[in-house]
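Structure first, commentary second.
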2 protein chains.
Amino acid sequence: MKPVIVLGSGLAGYTLVRELRKLNRDIPVTLVSRDSGDYYSKPMLSNAFAQNKDATSLVLTPASEMAKQLGITLLAHTDVRAIHRHEKRLDTCSGALEYDRLILALGADPIRIPLQGDATGAVLSVNDLTDYAQLRDALGTAKSIAIMGGGLIGCEFANDLAVAGYAVTVIDPGPYPLASLMPEQAGKQLLEPLTKLGVTWRFGTAVQRIDKATSGYALTLAGGTVVHADLVLSAIGLRPRIQLARDAGINVNRGIVVNERLCTDDDSIFALGDCAEIEGRVLPFVLPVMHAGRALASILNAEETRVNFPAMPVVVKTPVHPVAVLPVARDAAGAWQVMASGQGVKMGFFDEQNKMTGFVLTGEYVGERSQMTKMLR
Amino acid sequence: MKPVIVLGSGLAGYTLVRELRKLNRDIPVTLVSRDSGDYYSKPMLSNAFAQNKDATSLVLTPASEMAKQLGITLLAHTDVRAIHRHEKRLDTCSGALEYDRLILALGADPIRIPLQGDATGAVLSVNDLTDYAQLRDALGTAKSIAIMGGGLIGCEFANDLAVAGYAVTVIDPGPYPLASLMPEQAGKQLLEPLTKLGVTWRFGTAVQRIDKATSGYALTLAGGTVVHADLVLSAIGLRPRIQLARDAGINVNRGIVVNERLCTDDDSIFALGDCAEIEGRVLPFVLPVMHAGRALASILNAEETRVNFPAMPVVVKTPVHPVAVLPVARDAAGAWQVMASGQGVKMGFFDEQNKMTGFVLTGEYVGERSQMTKMLR
C-alpha cells in the first residue's frame, strides 16, 4: 500500500500527522523534510533570546523520536524536485517516492525586498531553527540590530532582542507598529513600552542601501538618513511556497489553492499551513494551522474507511446444543475436517494450502470461538 | 441544511445513527420507519418464547426515547413510496422529504414459497416485533407447530418453542439441520438434543399444500405424507428489500448493490444491513451489520468535514506590552471603536449592523480574549 506522503516537518506537517495517528495507526505515512525533521515550536524563535536559548535547546523532540512515536518513515534533509501527478510519484534528491495521497505542508519563505549596496547578502531572516542558529552565530559581539519590518515578527524580535540587551532600531514604511493588523490607537500602544526597553522606531521610511561600514553596516533609508547597525534582520512578511505545486500544474494564486476540504485541484493532493490559500485566505498563524491539521486528518482517515469485514462467526441460538459457525462459500475449494468430537463437534475447513478458512463449533466446543478465529490469521 | 435520512429502524438503521452520533451531534438526521420505531433486539425474537416474553417486553427503548437520546427526527408508521434521486427527495405517505444523503436500511422480507390448499394464508413468519406479537396471538391454545425450514431461524424457533412446551415439527428439503451453513457431521449434532426436547424432523421433503383441518391445519408434504399442526411458521430465508431502490433506478442484484464504502451507484445514497449486497455478499447477520454501521458513520461524518475556521485571535508575543488581535479584512465596512483604555487599549471593530467582527486587546486588556471572542457571536 502506497503511503500518505507529507512534505514538510513544521507545525503544519507534524500537527497533521499527530492528529491522523489519533484516528488511524495503520495508514502508512512518510514525512519528507528539507530540514532535520526535529520538532520545535516555531513561535519560540522570536521569544528565545531573552531566555538565552540556543537552537538545540529549542528542539522539543528529535526527528528520530518523532518518527518512532508517530509510527512514520521520516526522510530528513531530502529535497523534493518534482511532483509527477499522473504517476503519483515524487522525484527527490535521494530517489523516487510513490504516494497514495500527497500533503503539501511546505511553509513560506521570508519576503526579501531588493536592496542596493555592497552588504545586501548580510541581511538575515529567521524562519526556521537553522536560521535561528545562524542568527545567534552572527550576533557574536554585536551590540546594535536593525530590524526591517514593524509587524508581528518584527515587534516580537524587537522586544526579545531589546530585553536581551541589544540596541534595536525598527524600520517600517507604515505609520505605527502592527499597522496591517490593527488601528492606530492600538498599534501605538507598543511605542512607549518598547521605547523604554531601548527600541528606536523609524516609521514612514524604508531601507534602500546596505553597505559595509568600518564596524557593522550602514543602512541608508529613503530620504537619506543613515542608520548604523552591527546586524540586519529582515521581518517583512512571508510568501507561501508555491513553486513546487505550480511546476506540477496545480492551481496556485497567492498560496496553493485549496477548497474547504483542503484539497487542491488534484484529488490526491492536499495543502495546509503557511503554503496554502484556503478559500482565498492565507493564514500563517498557529491556530489556523492546528485547526486545519485536525480537519485534514479526519478527511484523510475517512477516505481510508472501507468496510473490511473481519471473520464474523455466526451464532445459532439453540441453547439445547449451541452452535457457532464461520461459513465458507459453497464453491470454496478444500475440505471440512473434524478437529475434536465429544458432546458436540469442532470442525475446520481447510483450503488447498491447508489454511483454515472456516469452522463450526457445536455443543461443548462452542466456547472456542475466539481461539478458532485467531487460527484463521 | 438538509438532513441525512435513514430509512429503517432495525438494527442497521439504529446502529448507524448511534455510531454517527458518537462522531457528530450536529448533522441533522431524520429516521423514517414503517414500524413504530421502537428499538428492540431482533435476535431475541427467536429466543423469547422460552422466557414467555410478550412483544412489549422485548422493546429495549421506545421510539420517542430513541429520538431524544440520539437527537434525531423520527417519523414512525411512515411508508416511503418513491425516491426522486435528481431532486434528492422522497415521497412518503405523509408528504415529501428532502435529503442531503439517503441511507437505505430497509431490511429483508421473509421468503414465501408458493403453496396449494385453502389455508396458505395462515402461514406466519416472524421478521419483526409486530410479527412476533401476531405469532403470540395466533398461538392461543395451539399445542403443535410446524416449522418450514431447518436453517438458522428454523432451528432457533424449534428450540425455543419446544422448550416453551409446544410439539414442533421441522420440515426441510435438505438432508440435515443448518445444511446451508455447515457440513453434515456438525449439522447432525443438533438432531438428538432437539429431538429429546420434542422436535420431530422431516428432511428431504417440503410442504406442498396447507389445508384447514377440523382442528388446526393439514400439511401435505412432497411424497404424500400429511403432518398436522395447530400453527405453521415459515422460516425459509430472507430476501433483501430492493424494490424501492430498483424503482429509483439504483443498481440492484440480490440486494441493493453497494461498494466497500457502502455507497450505491448514486453518490448520495448508501445501503447497509439485510437489504445490502456489499461487494457481492448479502450478510444478514448481527456482526456484519454492527461493523457496517460503524464504517458508514465514519464515512458520513467525514463527508461533513470542512475546514470552518472559528474566530482565531492572533497573539503578538511582545511581553513588555502584550497584544491579541482578531484582525478584520482591509476593506471591511465599519469602524474601530475604543471600548476601554488604561495601561493599554481595548478596541472593537463594528460593522454597519453594529455587530463586532474584530478586536484588539493590548496591555492590561489582553486577558479578555475569550470574553471578546464570545461577543462575536
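Naming works like this for the C-alpha cells: A, B, ... for the chains as they're shown, residue 1 at the start of each chain, ligands 1 onward in shown order.
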Counting only C-alpha atoms, which residues in chain B sit no more than 7 Å from chain A? For each one, give the nearest pair of atoms and the distance in Å, sorted by chain then residue number, as CSV.
residue,atom,partner,partner_atom,distance
B:Leu152,CA,A:Val316,CA,6.0
B:Cys155,CA,A:Thr318,CA,6.7
B:Glu156,CA,A:Thr318,CA,5.2
B:Asn159,CA,A:Thr318,CA,5.7
B:Leu181,CA,A:Pro327,CA,5.5
B:Met182,CA,A:Pro327,CA,6.5
B:Ala186,CA,A:Val345,CA,6.1
B:Gln189,CA,A:Gly344,CA,6.1
B:Leu190,CA,A:His321,CA,6.2
B:Pro193,CA,A:Val320,CA,6.2
B:Leu194,CA,A:Val320,CA,6.8
B:Glu260,CA,A:Val307,CA,5.2
B:Arg261,CA,A:Arg306,CA,5.1
B:Leu287,CA,A:Met312,CA,6.3
B:Pro288,CA,A:Phe309,CA,6.9
B:Ala292,CA,A:Val307,CA,6.1
B:Ala295,CA,A:Val307,CA,6.0
B:Ser298,CA,A:Ala302,CA,6.3
B:Ile299,CA,A:Ala302,CA,5.7
B:Ala302,CA,A:Ala302,CA,5.6
B:Thr305,CA,A:Ala295,CA,6.5
B:Arg306,CA,A:Arg261,CA,5.1
B:Val307,CA,A:Glu260,CA,5.2
B:Phe309,CA,A:Pro288,CA,6.9
B:Met312,CA,A:Leu287,CA,6.3
B:Val316,CA,A:Leu152,CA,6.0
B:Lys317,CA,A:Glu156,CA,5.6
B:Thr318,CA,A:Glu156,CA,5.2
B:Val320,CA,A:Pro193,CA,6.2
B:His321,CA,A:Leu190,CA,6.3
B:Pro327,CA,A:Leu181,CA,5.5
B:Gly344,CA,A:Gln189,CA,6.1
B:Val345,CA,A:Ala186,CA,6.1
B:Val360,CA,A:Met182,CA,6.8
B:Thr362,CA,A:Ala186,CA,6.9
| task | Give the helix (DSSP H, G or I) residues of stretch 17-156 of chain A, as DSSP finds them on the backbone, and put them as a ChimeraX atom specification. | result | /A:17-23,42-47,56-58,63-70,120-122,129-139,152-156
| Given the choices A:Ile83, A:Ala48, A:Val257, A:Val226, which gets closest to A:Leu129 if the distance is worked out from only C-alpha atoms? |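 Ranking A:Ile83, A:Ala48, A:Val257, A:Val226 by distance to A:Leu129, first place goes to A:Ala48.
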| By how many Å are atom CA of B:Leu219 and atom CA of B:Asp128 apart? |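 Here the two named atoms are 25.2 Å from each other.
If you look at atom CA of A:Gly165 and atom CA of A:Gly198, they are 8.5 Å away from each other.
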| task | Name the closest residue to B:Val366 among the candidates B:Thr141, B:Ile103, B:Met290, B:Ala340; distances are taken between atoms, counting only C-alpha atoms. | result |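 The shortest atom-to-atom distance to B:Val366 comes from B:Ala340.
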| message | If we count only C-alpha atoms and set the cut-off at 7 Å, which residues sit around stretch 236-241 of chain A, ignoring sequence neighbours fewer than 3 positions away in its own chain? Please answer as a PyMOL selection string. | response | chain A and resi 106-111+148-149+254-255+274-276
| said: Give me the residues near stretch 1-18 of chain A as an MDAnalysis selection string, where near means some atom within 9 Å (using only C-alpha atoms) and where sequence neighbours in that chain fewer than 3 positions away do not count. | reply: chainID A and resid 21:22 27:42 66 70 72 76 80 97:107 128 272:274 286 289:290 292:297 300
| With only C-alpha atoms as the atoms that count, which of A:Leu231, A:Leu60, A:Leu45, A:Ala206 lies nearest to A:Asp172? |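 Nearest to A:Asp172: A:Ala206.
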